[in-house]
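K.L.:
Right, I'll just put the structure down here and ask away after.
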Number of protein chains: 4
Amino acid sequence: MGMIGGGRGSFIGAVHRMAAAIDGQIELVCGAFSSDPENSRLSGQDFFLPANRVYSSFEEMIRKEKELPEGERMDFVSIVTPNHMHFPPAKLALENGFPVVCDKPMTLNLAEARQLVQVVERTGLLFCLTHNYTGYPMVKEARELVRKGKLGKIRKVIAEYPQGWLSTFLEGTGNKQAAWRTDPARSGAAGCMGDIGTHAENLAEYITGLRISELCADLTTFVEGRQLDDDGNVLLHFENGAKGVLHASQIANGEENSLSIRVYGELGGLEWHQMEPNTLIYKSQSFRHVLRPGVGELSDAAKAHYRIPPPGHPEGYLEAFGNLYRNFAFTLRSRLKGETPNPLYTDFPGAHDGLRGLAFIETLIQSNNSDRKWTKFVE
Amino acid sequence: MGMIGGGRGSFIGAVHRMAAAIDGQIELVCGAFSSDPENSRLSGQDFFLPANRVYSSFEEMIRKEKELPEGERMDFVSIVTPNHMHFPPAKLALENGFPVVCDKPMTLNLAEARQLVQVVERTGLLFCLTHNYTGYPMVKEARELVRKGKLGKIRKVIAEYPQGWLSTFLEGTGNKQAAWRTDPARSGAAGCMGDIGTHAENLAEYITGLRISELCADLTTFVEGRQLDDDGNVLLHFENGAKGVLHASQIANGEENSLSIRVYGELGGLEWHQMEPNTLIYKSQSFRHVLRPGVGELSDAAKAHYRIPPPGHPEGYLEAFGNLYRNFAFTLRSRLKGETPNPLYTDFPGAHDGLRGLAFIETLIQSNNSDRKWTKFVE
Amino acid sequence: MGMIGGGRGSFIGAVHRMAAAIDGQIELVCGAFSSDPENSRLSGQDFFLPANRVYSSFEEMIRKEKELPEGERMDFVSIVTPNHMHFPPAKLALENGFPVVCDKPMTLNLAEARQLVQVVERTGLLFCLTHNYTGYPMVKEARELVRKGKLGKIRKVIAEYPQGWLSTFLEGTGNKQAAWRTDPARSGAAGCMGDIGTHAENLAEYITGLRISELCADLTTFVEGRQLDDDGNVLLHFENGAKGVLHASQIANGEENSLSIRVYGELGGLEWHQMEPNTLIYKSQSFRHVLRPGVGELSDAAKAHYRIPPPGHPEGYLEAFGNLYRNFAFTLRSRLKGETPNPLYTDFPGAHDGLRGLAFIETLIQSNNSDRKWTKFVE
Amino acid sequence: MGMIGGGRGSFIGAVHRMAAAIDGQIELVCGAFSSDPENSRLSGQDFFLPANRVYSSFEEMIRKEKELPEGERMDFVSIVTPNHMHFPPAKLALENGFPVVCDKPMTLNLAEARQLVQVVERTGLLFCLTHNYTGYPMVKEARELVRKGKLGKIRKVIAEYPQGWLSTFLEGTGNKQAAWRTDPARSGAAGCMGDIGTHAENLAEYITGLRISELCADLTTFVEGRQLDDDGNVLLHFENGAKGVLHASQIANGEENSLSIRVYGELGGLEWHQMEPNTLIYKSQSFRHVLRPGVGELSDAAKAHYRIPPPGHPEGYLEAFGNLYRNFAFTLRSRLKGETPNPLYTDFPGAHDGLRGLAFIETLIQSNNSDRKWTKFVE
């Protein structure tokens, strides 16, 4: 994988790299991490890349990687730049034979999107758009419930995505994430609705399998000085006659990242909340079932997207587990370099914790075999 | 990193590998993945390792890796075998100069644990025990709240870890995970209490900073034919006079992996549930605050263990995101090999989804600027 | 209190009677409980009323009660009929000097509503419309938070009221509640939106103190054969520039009675869910507080509407408590009549349960004073 | 009903009166509301009782009521005094032919309890002990699930009752509730465990139908100067071999009234939390069902204890509804007396709110029929 964008200071680049690394199937081999060559160079060092695979521009990367022998060159490109820089590298990569993973929204505007679809079709190359919320196992399960007819004919969809982080004029404080997202030149014609409203739209169509046929929108810019909408409320009509509401906001003060969807059909309804992603509620007037990975039989589609077999190891378990490894690696590296390790990272359980664990077990057994109420805990 | 155990059929090995990979700081370079050399060999292939770095036994691995030049040999060993095979490789690795990451409980029994502590102290090498639940950002925050005195003197601790997966005689059905966990020769003197009771004990001591001084235990084997406890209830006394209850179970039918802890002090209390790990409740008789990553100011300790900056991208976000990359990689690999991709893995958003996103945005803008109620959605 | 409607077979009549009885301030003294005189008569017996205070029509009730001496006649009228029978008795009662409590929506149509407002103003008598959801203590608290400026200027309101009970053609099955609610002659021009949409509207205006200035509605009748809307989605504009979404449904399959409201302002947001009515969430980007009766200081308005002082006796506590009294009363009455009590109602704790409680206490004390692990439980 | 105790300043007396009033089946006709005759007299006025039915002592009440003709005298006695004053009036009432409803724990000590059981048996009169938590519909449902064998043989019970209100020396501040509960002379040998531990014990035995056979207790008094336990942790053995944990606390800082119970059997488990009383979770390794009143078929026992038919009108609905009636009644009374009503109680919806509701409906219909996006809201 070669990455375009995602250098120091980027938010979503790190997410893409971590996401790509989890399964041990993808290796970051090169990158043009920033339009600033120095940032790109330093970022490449951060990622342990050899200097000759770190490029100053995406054009250079695509050209030089293409010249490398097969098996050595990158297998595909991952584009994690702001919206206005999606189309040029995506087109160039595809036209030079590289499959593409691209952040969303796909392009700056509809005209570019139409062009890109044509390039993808013409080249026949793989293209993946990171509407990441469709990756959750229980979203797969939700779609399967609809497909299997468990909800009957769909009547109503409520998709919502309230955030609150742009409740103030954050783009005026030097916040990089806020700045490009509220800048029409980099973000496109819509702010909030492009950034997160499209996720809600995508999720609604993904789960229901229905297409929006017409809509009625009320977009607002609440924060003074802001150039793009920071809130939107939309009525939806779907092709099959279903009705819907979609609302998204970045000024919903106190909300974190509350993407959620509810779908109601003739036979039942379902409910999924991104902030509790392992739970899918399937319900009707006569039952209310909670579906979760590992509890009963889920669809193959859901099972193929869940990594940790027994029930109840929640999403996030891996990341907490990863913290131990990372802290260990950081502390080990400091030691190897003869440096004092950062105390934040020396925080991992050690042999003495292990000793206490075994002493705990032994004391339990002793106490269990005793008629006396209390047994001393001895290491 | 060299791995001992964790070959095909293992549960926790994959967890360790994924956890180690997330941050791009650790590379799996060799392994002795199974006591069965063939399993080890095939597992090595799964992980894209060169054949000469895949070993038939941990002894061979430690011996041969030591002979490799520095910078090429593995930097540390990760031990992910059943409990009875923790001590021998850990001791051997340390004595040959390799730092160790080891699954818990640390050893088969207390005598081994005492020995291992001595080896760690003697060699002065890093040793990490994967009590992974202490890796959560909000567990760090909980400990900081206690340290800063926000709870006052601790009075009471309730630590619990109910699971239900061993409600039946699963070890009699060929289930590998159940088999070794209920076998005294491989698991040690305790079953449930060793496997998960020690996590609750570790978490209670970690967050409160208090040591258990004495206890009163009631362990039970409910499932007929089982050789070790599958349930335990314990009264605790802590050094400072605090009291506690610790209960764990693997026959709590319907429970998934419900590790939780509540701590009550003179000034306040806290509550954390592993199955909703991003939420820490801090409360007293006069307030009830919900602490979450990105909402207000958390401690440095918590912030150092959270990867995704803005609020509300929950734990698990990375894994869902990773599913898109994995599906893309699998499908790409199938294509490159000229094989038909597994339809389970071709499920990732593509260019047409991107086109619909941009069409959605354009229709929103159009509708917003119109006095007419409905605007057609045109791609 | 004299009641109009609410005889045998009515749903809301019983609710009004129980609600009026809780505080011991209101006595049901007479009624015209049904348009069917026999139903009225039997209902009066159910309520232990003397036969001469049970009337065949509301006209008769108002006329005859007016003739009774002051202090003996009813103090006010409670109207719990279907919508089309609100206006006539309300008008007649007021014009004869009786204050009125009336179920909502107030009248069958806007023209009647305007007339009734005039009658109320002309007579100067008290009139109460049972928009009951504003009666919750935490709704009062929510309104106070807005009034005190804790949210700053309001920007966005999401009010929703999904139910699922009319997902099928229930009115065709003889269900009385469904029948009148879906009949334009008795319910008015709107079905779902009149029945429950108006509650959402009322709650939004009540809490925010803002008035809706214009709206955009999409109403649907999903169930074949139904005469009125069973679903509606609405975009709202408020006087101060705030935007909103209001959606209500009676075909949201699997929903019970999920009225909820979220309000977002410049300084903070709030969230209240009727199905967990004792919890009000007050939040911003830097805090998330859970407000509950008895936890910290609430406003006088909230405190004046909560009956049970210490924290954590939830709403519903009274009703569970009441079940013991009711069962006791029913069983006692059966005994006094020499009848066999219905076993459903003999289920209340008795003296033997009390004995076990005291034995439990005594055993606890004994065990606590003992060094032995187990102490027998002896009654 | 005649009440003993429950005068001005009492907490639980008001609860009993409201609980007894809800269903319109029980009338308060007399009382000896306080050991202070003046308090009793004033309390009687509060409850609109004639002066000759308000007594100075329970002895006087029982004697004089007995002299009244049948049909006029009270039908039963309700005892709501502190624990030490349960036994004397209960015994006297029973021996004079009056059935008794009595608060818990039943008596001051086990000896009195044994005597009272004998009196109840000898007189053959009804006796109800207000273990009110067994009155919840979903507690009935839980017991029915156990009875029907849906959980299989019970293995483990976790009953807990954490409160935090006695985290400080509240009895030293003049708090009447704290004072008697921590005073051995009035409360008995146990503090926390008598006050609320017995509720947990009763609930565990009620739902499971099992009896505790032996136990191991660890009781603590954490708050300096306090005379009775304010915390207790207990291991339980049940007759059938089931094990259990019971813990209760009044120093669990930040807890409100968190009575909860979990029961695990061979076939399934269940979970109920008093603070969300309408939800019962029934689960196993292969399903997780949420049972609620009105959702699907509940047992007759549950249905007989739920007042409001359609799903989703939560417990507490009645109380919010009651607030409107109470406010109306208070305001009406002020008006009739020519006094200025307390503005806290003039807060109920009026005719203008009704007008807005109808205007809302009419605007919805108008907007729904229009092709224009916005329709003005006109009253």
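Simple scheme: letters A, B, ... for chains in structure tokens order, numbers from 1 for residues in each chain, numbers from 1 for ligands in the order shown.
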With a distance threshold of 9 Å and counting only C-alpha atoms, extract the residues of chain D near chain A and express them as a list in words.
P.N.:
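Going by the stated atoms only, the list reads Cys216, Ser284, Gln285, Ser286, Phe287, Arg288, His289, Val290, Leu291, Arg292, Gly294, Val295, Gly296, Glu297, Pro311 and Lys373 of chain D.
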K.L.:
Contacts of stretch 49-59 of chain C at 7 Å or less, counting only C-alpha atoms, minus same-chain residues fewer than 4 places along, as a list in words?
P.N.:
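Non-adjacent residues within range: Ile4, Val29, Cys30, Gly31, Ala32, Ser35, Pro37, Ser40, Arg41, Gly44, Gln45, Arg63 and Pro89 of chain C.
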K.L.:
With C-alpha atoms kept, could you save the residues just selected as a PDB file, in the first residue's frame?
P.N.:
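Dumped everything to selection-v5.pdb:
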```pdb
ATOM      1  CA  ILE C   4     -67.466  12.855  31.587  1.00  0.00           C
ATOM      2  CA  VAL C  29     -68.101  12.587  43.336  1.00  0.00           C
ATOM      3  CA  CYS C  30     -70.144  12.104  40.188  1.00  0.00           C
ATOM      4  CA  GLY C  31     -69.964  11.182  36.524  1.00  0.00           C
ATOM      5  CA  ALA C  32     -71.564  10.729  33.150  1.00  0.00           C
ATOM      6  CA  SER C  35     -73.096   7.860  26.164  1.00  0.00           C
ATOM      7  CA  PRO C  37     -76.612   5.074  30.235  1.00  0.00           C
ATOM      8  CA  SER C  40     -72.525   4.837  32.909  1.00  0.00           C
ATOM      9  CA  ARG C  41     -74.570   3.271  35.681  1.00  0.00           C
ATOM     10  CA  GLY C  44     -70.532   4.447  38.695  1.00  0.00           C
ATOM     11  CA  GLN C  45     -70.973   1.325  40.789  1.00  0.00           C
ATOM     12  CA  ARG C  63     -77.639  20.691  34.967  1.00  0.00           C
ATOM     13  CA  PRO C  89     -69.196  19.339  27.340  1.00  0.00           C
TER      14      PRO C  89
END
```
K.L.:
What is the atom CA of D:Ser367 to atom CA of D:Asp353 distance in Å?
P.N.:
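Distance reported for this atom pair: 20.7 Å.
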K.L.:
Just give me the gap between atom CA of C:Leu318 and atom CA of C:Asn202 in Å, one decimal is fine.
P.N.:
26.9 Å
K.L.:
Between atom CA of D:Gly357 and atom CA of C:Asn132, what is the distance in Å, rounded to a tenth?
P.N.:
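Between atom CA of D:Gly357 and atom CA of C:Asn132 the gap is 13.7 Å.
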K.L.:
Quick one: residues within 8 Å of stretch 142-144 of chain D, only C-alpha atoms, excluding same-chain residues fewer than 3 positions away - as a list in words?
P.N.:
Met138, Val139, Arg147, Lys148, Tyr206, Ile207, Thr208, Gly209, Leu270, Leu280, Ser299 and Ala301 of chain D
K.L.:
Go ahead and save the residues from that selection, with N, CA and C atoms, as a PDB file, in the first residue's frame.
P.N.:
```
ATOM      1  N   MET D 138     -42.709  -6.778  36.471  1.00  0.00           N
ATOM      2  CA  MET D 138     -41.639  -7.569  35.877  1.00  0.00           C
ATOM      3  C   MET D 138     -40.944  -8.460  36.918  1.00  0.00           C
ATOM      4  N   VAL D 139     -41.137  -8.167  38.186  1.00  0.00           N
ATOM      5  CA  VAL D 139     -40.678  -9.102  39.221  1.00  0.00           C
ATOM      6  C   VAL D 139     -41.596 -10.325  39.229  1.00  0.00           C
ATOM      7  N   ARG D 147     -40.545 -20.304  37.693  1.00  0.00           N
ATOM      8  CA  ARG D 147     -41.544 -21.352  37.962  1.00  0.00           C
ATOM      9  C   ARG D 147     -41.797 -22.237  36.752  1.00  0.00           C
ATOM     10  N   LYS D 148     -41.821 -21.619  35.576  1.00  0.00           N
ATOM     11  CA  LYS D 148     -42.096 -22.382  34.359  1.00  0.00           C
ATOM     12  C   LYS D 148     -40.873 -23.148  33.885  1.00  0.00           C
ATOM     13  N   TYR D 206     -38.014 -14.621  46.744  1.00  0.00           N
ATOM     14  CA  TYR D 206     -39.301 -14.503  46.053  1.00  0.00           C
ATOM     15  C   TYR D 206     -39.185 -14.972  44.609  1.00  0.00           C
ATOM     16  N   ILE D 207     -38.192 -14.460  43.901  1.00  0.00           N
ATOM     17  CA  ILE D 207     -38.069 -14.769  42.474  1.00  0.00           C
ATOM     18  C   ILE D 207     -37.639 -16.215  42.252  1.00  0.00           C
ATOM     19  N   THR D 208     -36.683 -16.687  43.033  1.00  0.00           N
ATOM     20  CA  THR D 208     -36.175 -18.039  42.791  1.00  0.00           C
ATOM     21  C   THR D 208     -37.038 -19.120  43.422  1.00  0.00           C
ATOM     22  N   GLY D 209     -37.829 -18.756  44.421  1.00  0.00           N
ATOM     23  CA  GLY D 209     -38.563 -19.780  45.168  1.00  0.00           C
ATOM     24  C   GLY D 209     -37.661 -20.649  46.031  1.00  0.00           C
ATOM     25  N   LEU D 270     -31.604 -14.367  34.121  1.00  0.00           N
ATOM     26  CA  LEU D 270     -32.439 -13.172  34.061  1.00  0.00           C
ATOM     27  C   LEU D 270     -31.819 -12.064  34.894  1.00  0.00           C
ATOM     28  N   LEU D 280     -37.192  -6.436  31.938  1.00  0.00           N
ATOM     29  CA  LEU D 280     -36.662  -7.690  32.464  1.00  0.00           C
ATOM     30  C   LEU D 280     -35.862  -8.325  31.344  1.00  0.00           C
ATOM     31  N   SER D 299     -46.988 -13.189  31.515  1.00  0.00           N
ATOM     32  CA  SER D 299     -47.794 -14.063  32.357  1.00  0.00           C
ATOM     33  C   SER D 299     -48.983 -13.304  32.935  1.00  0.00           C
ATOM     34  N   ALA D 301     -49.707 -13.239  35.955  1.00  0.00           N
ATOM     35  CA  ALA D 301     -49.240 -12.601  37.189  1.00  0.00           C
ATOM     36  C   ALA D 301     -48.691 -11.215  36.902  1.00  0.00           C
TER      37      ALA D 301
END
```
K.L.:
Looking at D:Glu271, D:Asn327, D:Arg333, D:Pro184, which one is nearest to D:Tyr345, with distances taken over only C-alpha atoms?
P.N.:
D:Asn327
K.L.:
Excluding same-chain residues fewer than 4 positions from C:Leu108, what lies within 9 Å of it counting only C-alpha atoms, as a list in words?
P.N.:
Asn83, His84, Met85, His86, Phe87, Glu112, Ala113, Ala185, Arg186, Ser187, Gly188 and Ala189 of chain C; Leu358 of chain D
